[in-house]
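K.L.:
One structure is given below, represented as structure tokens, and several questions about it will come after.
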Amino acid sequence: MENVKDQEAYYEEMRKANPDADYDTYLTALAIANLDHGNTDKYKFYTRSNPEFSAIALINLVYALEHLEVENENMPVIAEVSQEVIDKIESRDEIDVIANGRLQVLLELNAMANAKLGNVALAKKNLEKSSEIVSEFRDSKYFKDSKASYYDRCALVLAAAGETQRAMDTLVKAVRTGESKPKLRETFAQVYKELKGTDAGCEDLIKELREEAYQHYYDKIKKTYLTDVEIPYEGKVDAPNGSGEKLTIFSADKNIYDISLPDLNGNKVNLADHKGEILLIDFWTTMCTPCVACFAAFENVVEDYKDEPFQLYIINLFEFQEDVKSFVKKKGIDLDVLHDEENLAYNVVATPTKIVFDPQGTIRFYNIAYAGSTDGEYYKVKAMIEIIKEHAPSLKK
């Protein structure tokens, strides 16, 4: 159910029918949905019985707090809610992998919020606690902007503590390595001005660091350009266990221009309409966290290439059209979406999978997984486009 009021009505009906049942899952879901909409009173109402937060609930709670993070006026709420849940997790006899990873982020969020509220000692304490937690998620490139958000929050805490140079060094490292995002670059500008006493030179420094990060991605991506591709073609990647085995992630048994798929309104889209253009298709599902994490970068790419012969489609697999349509609306995804419920186009077995075609419809790149940051994903896709342009004289400006 998309509407919070509908969810609340459904819960009330169940509670009246069976008042003694365990409703922790519903209570936490309703609490988090209201928190995500900025309704802290209802969040407190639904958590007043101290319901247990499942792994999914903890993931969604962090999403909600990160959604609130963009506005300074939400810092008291972030500090209060994150501390309550931190205490709940730390009181458990055993902390599972998911809870441990979300605890790390909750400590980061709490530190950032307290730094902005002037509680610097508590902010530094919780940032240190976060760094002491051993969790694979910060570096795993699974959740959106995990490392970039850490660098951003770390810099804010350091700046609040008067360690402005350390904050600047942290931000420079983040932008230079591509572990960055738009909000981090805003923090960069703030800390730079605080350190230098002026804005002069800040934009040039950010530009220089971003160009360095892009060049790193470009050099890496260039090595994966495909020169001899014939249909049928199987896209393969190295097995993650280091065995040297190759795993097939998609099978292209037809030319891209022979494929037609419906959009979310049921209208048929013929990919042959994009002959003469660079075409990127990305296969995804709503339950694939790294898939959705890519979309902010894709939106930036689409904006940058809107006046060039380029088209990007995200192609949903396996799921019902109306469910996908509802998800896209709820998340505010501003991309062209196609639907391949039966996975008939390229028999994709892993998401997210990107395939990029040159203006003649030849596969030139394919790539699996998320780069780990909005900027990193942007650089990766941009590099693919620019390298194809270099090999297609008609597209050169």
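Ordered as shown in the structure tokens, chains take letters A, B, and onward, while each chain numbers its residues from 1 and ligands are numbered from 1 in the order shown.
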Using DSSP secondary structure from the backbone, list all strand (DSSP E or B) positions within region 216-358 of chain A, as JSON, numbers by chain.

P.N.:
{"A": [233, 234, 235, 236, 237, 238, 246, 247, 248, 249, 250, 251, 252, 260, 261, 262, 263, 268, 269, 270, 278, 279, 280, 281, 282, 283, 284, 310, 311, 312, 313, 314, 315, 316, 317, 336, 337, 338, 339, 340, 353, 354, 355, 356, 357]}

K.L.:
Those residues with C-alpha atoms, as a PDB file, in the first residue's frame please?

P.N.:
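Dumped to result_12.pdb:
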ATOM      1  CA  TYR A 233      26.775 -12.795 -27.467  1.00  0.00           C
ATOM      2  CA  GLU A 234      27.109 -13.715 -23.803  1.00  0.00           C
ATOM      3  CA  GLY A 235      28.228 -11.146 -21.256  1.00  0.00           C
ATOM      4  CA  LYS A 236      30.490 -12.729 -18.673  1.00  0.00           C
ATOM      5  CA  VAL A 237      32.166 -11.544 -15.466  1.00  0.00           C
ATOM      6  CA  ASP A 238      34.688 -13.085 -13.097  1.00  0.00           C
ATOM      7  CA  LYS A 246      33.465 -16.843 -15.699  1.00  0.00           C
ATOM      8  CA  LEU A 247      29.794 -16.304 -14.942  1.00  0.00           C
ATOM      9  CA  THR A 248      27.277 -15.397 -17.658  1.00  0.00           C
ATOM     10  CA  ILE A 249      25.211 -12.355 -16.639  1.00  0.00           C
ATOM     11  CA  PHE A 250      23.210 -11.892 -19.856  1.00  0.00           C
ATOM     12  CA  SER A 251      22.660 -13.576 -23.203  1.00  0.00           C
ATOM     13  CA  ALA A 252      22.079 -11.382 -26.262  1.00  0.00           C
ATOM     14  CA  SER A 260      10.489  -3.782 -28.483  1.00  0.00           C
ATOM     15  CA  LEU A 261       9.331  -3.359 -24.885  1.00  0.00           C
ATOM     16  CA  PRO A 262       6.399  -1.594 -23.221  1.00  0.00           C
ATOM     17  CA  ASP A 263       6.787   1.485 -21.073  1.00  0.00           C
ATOM     18  CA  LYS A 268       5.386  -0.194 -27.122  1.00  0.00           C
ATOM     19  CA  VAL A 269       8.875   1.289 -27.484  1.00  0.00           C
ATOM     20  CA  ASN A 270      10.913   0.138 -30.471  1.00  0.00           C
ATOM     21  CA  ILE A 278      24.385   5.845 -28.184  1.00  0.00           C
ATOM     22  CA  LEU A 279      21.965   3.644 -26.259  1.00  0.00           C
ATOM     23  CA  LEU A 280      22.341   2.554 -22.638  1.00  0.00           C
ATOM     24  CA  ILE A 281      19.979   0.002 -21.125  1.00  0.00           C
ATOM     25  CA  ASP A 282      20.103  -0.856 -17.440  1.00  0.00           C
ATOM     26  CA  PHE A 283      18.292  -3.884 -16.017  1.00  0.00           C
ATOM     27  CA  TRP A 284      16.910  -3.579 -12.491  1.00  0.00           C
ATOM     28  CA  PHE A 310      21.951   9.547 -26.494  1.00  0.00           C
ATOM     29  CA  GLN A 311      19.184   7.532 -24.841  1.00  0.00           C
ATOM     30  CA  LEU A 312      19.077   5.772 -21.480  1.00  0.00           C
ATOM     31  CA  TYR A 313      16.396   3.284 -20.443  1.00  0.00           C
ATOM     32  CA  ILE A 314      16.065   1.457 -17.138  1.00  0.00           C
ATOM     33  CA  ILE A 315      14.383  -1.880 -17.842  1.00  0.00           C
ATOM     34  CA  ASN A 316      12.550  -3.504 -14.958  1.00  0.00           C
ATOM     35  CA  LEU A 317      12.576  -7.286 -14.792  1.00  0.00           C
ATOM     36  CA  ASP A 336      12.584   6.474 -19.000  1.00  0.00           C
ATOM     37  CA  VAL A 337      11.379   3.110 -17.713  1.00  0.00           C
ATOM     38  CA  LEU A 338      10.642   0.014 -19.790  1.00  0.00           C
ATOM     39  CA  HIS A 339       9.180  -3.272 -18.601  1.00  0.00           C
ATOM     40  CA  ASP A 340      10.350  -6.823 -19.304  1.00  0.00           C
ATOM     41  CA  THR A 353      23.475  -4.828 -15.406  1.00  0.00           C
ATOM     42  CA  LYS A 354      24.263  -2.019 -17.850  1.00  0.00           C
ATOM     43  CA  ILE A 355      24.769  -2.599 -21.573  1.00  0.00           C
ATOM     44  CA  VAL A 356      25.897   0.264 -23.803  1.00  0.00           C
ATOM     45  CA  PHE A 357      25.553   0.257 -27.609  1.00  0.00           C
TER      46      PHE A 357
END

K.L.:
Name all residues at most 6 Å from region 79-86 of chain A (count only C-alpha atoms; drop same-chain ones fewer than 4 positions away) and give them as a VMD selection string.

P.N.:
chain A and resid 106 110 113

K.L.:
Keeping N, CA and C atoms for every residue in the selection just given, could you write it to a file as a PDB file, in the first residue's frame?

P.N.:
ATOM      1  N   LEU A 106      23.730   4.769  11.877  1.00  0.00           N
ATOM      2  CA  LEU A 106      22.972   5.535  12.869  1.00  0.00           C
ATOM      3  C   LEU A 106      23.908   6.355  13.755  1.00  0.00           C
ATOM      4  N   ASN A 110      23.831  10.343  13.999  1.00  0.00           N
ATOM      5  CA  ASN A 110      23.722  10.959  15.306  1.00  0.00           C
ATOM      6  C   ASN A 110      24.867  11.931  15.548  1.00  0.00           C
ATOM      7  N   ALA A 113      24.264  15.080  13.398  1.00  0.00           N
ATOM      8  CA  ALA A 113      23.186  15.908  13.941  1.00  0.00           C
ATOM      9  C   ALA A 113      23.638  16.640  15.194  1.00  0.00           C
TER      10      ALA A 113
END

K.L.:
Taking only C-alpha atoms into account, which of A:Lys325, A:Lys193, A:Lys382, A:Lys254 comes nearest Tyr346 (chain A)?

P.N.:
A:Lys254

K.L.:
Looking at A:Gly276, A:Leu30, A:Thr289, A:Asp228, which one is nearest to Ala9 (chain A), with distances taken over only C-alpha atoms?

P.N.:
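The shortest atom-to-atom distance to Ala9 (chain A) comes from A:Leu30.
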
K.L.:
Any idea what's packed within 6 Å of region 51-56 of chain A, counting only C-alpha atoms, ignoring anything in its chain fewer than 3 positions away? Could you give it as a list in words?

P.N.:
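Near region 51-56 of chain A, the qualifying residues are Asp24, Ile59 and Ile98 of chain A.
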
K.L.:
Store the residues picked out above, limited to all heavy atoms, as a short mmCIF file (atom, residue, chain, number, x, y, z; two decimals), in the first residue's frame.

P.N.:
data_model
loop_
_atom_site.label_atom_id
_atom_site.label_comp_id
_atom_site.auth_asym_id
_atom_site.auth_seq_id
_atom_site.Cartn_x
_atom_site.Cartn_y
_atom_site.Cartn_z
N ASP A 24 4.63 -5.91 15.73
CA ASP A 24 5.84 -5.10 15.67
C ASP A 24 6.20 -4.70 14.24
O ASP A 24 6.61 -3.56 13.99
CB ASP A 24 7.03 -5.86 16.29
CG ASP A 24 7.01 -5.80 17.81
OD1 ASP A 24 6.03 -5.26 18.36
OD2 ASP A 24 7.97 -6.27 18.44
N ILE A 59 16.84 -0.88 8.04
CA ILE A 59 17.26 -0.33 6.74
C ILE A 59 16.37 0.84 6.35
O ILE A 59 16.85 1.91 5.96
CB ILE A 59 17.22 -1.43 5.66
CG1 ILE A 59 18.35 -2.44 5.90
CG2 ILE A 59 17.33 -0.82 4.26
CD1 ILE A 59 18.27 -3.68 5.03
N ILE A 98 23.18 -7.18 9.62
CA ILE A 98 22.42 -6.02 9.15
C ILE A 98 22.33 -4.96 10.25
O ILE A 98 22.59 -3.76 10.01
CB ILE A 98 21.01 -6.42 8.69
CG1 ILE A 98 21.08 -7.38 7.51
CG2 ILE A 98 20.20 -5.18 8.33
CD1 ILE A 98 21.66 -6.78 6.25
#
